[in-house]
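Note sheet for the following structure.
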Amino acid sequence: MAANALAPFMYQLQESLNNFDLKNWVSQLDFKTAGVLAVVVVGALLLLNLFGKPFSPFGRSLLTSAANAWENRDQLGFGPALRGSRSLEPVTQVLDALAEAVRKWEEPEDSAVRTRAH
């Protein structure tokens with residue numbers, strides 16, 4: 001019974017996919033609007049991640065995960081490619097500094113208090 005109810009919808013979907021012209025669709029796409037929309041969506045996701053409740057099961061934020069991934073880039077196989085490139089050297093220095101700052105920001109308060117006390 002449910003298959004019969006979906007049949008007209010599936011037929012229309014199949015016909016629209018058969019008539020879909022990707023080249024025509026891309027030529028009509030406004031890249032400026034799409035770029036602004038993408039930046040807004042990414043910015044909103046970052047703001048939600050920074051100020052919202054973490055939605056990963058281990059309580060790690062997106063920034064912490066990115067910093068850990070950057071620090072473990074050798075294990076992921078990206079280390080030699082990034083170290084050998086002279087054009088990416090300033091970028092790697094900046095990303096190293098950002099990863100270190102995130103790691104310091106995310107450390108527990110007790111260890112930060114102990115460090116300041118000594």
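In the structure tokens, the first chain shown is A, the next is B, and so on; residue numbers restart at 1 for each chain, and ligands run from 1 in the order shown.
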Next item on the list: Fewer than 2 positions away in the same chain doesn't count, so skip those; otherwise give me all residues within 12 Å of Asn68 of chain A, counting only C-alpha atoms, as a ChimeraX atom specification.
Entry: /A:60-66,70-76,95-96,98-103,106
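The space between atom CA of Leu13 of chain A and atom CA of Trp25 of chain A spans 16.9 Å.
From atom CA of Ala5 of chain A back to atom CA of Phe20 of chain A, the distance works out to 24.3 Å.
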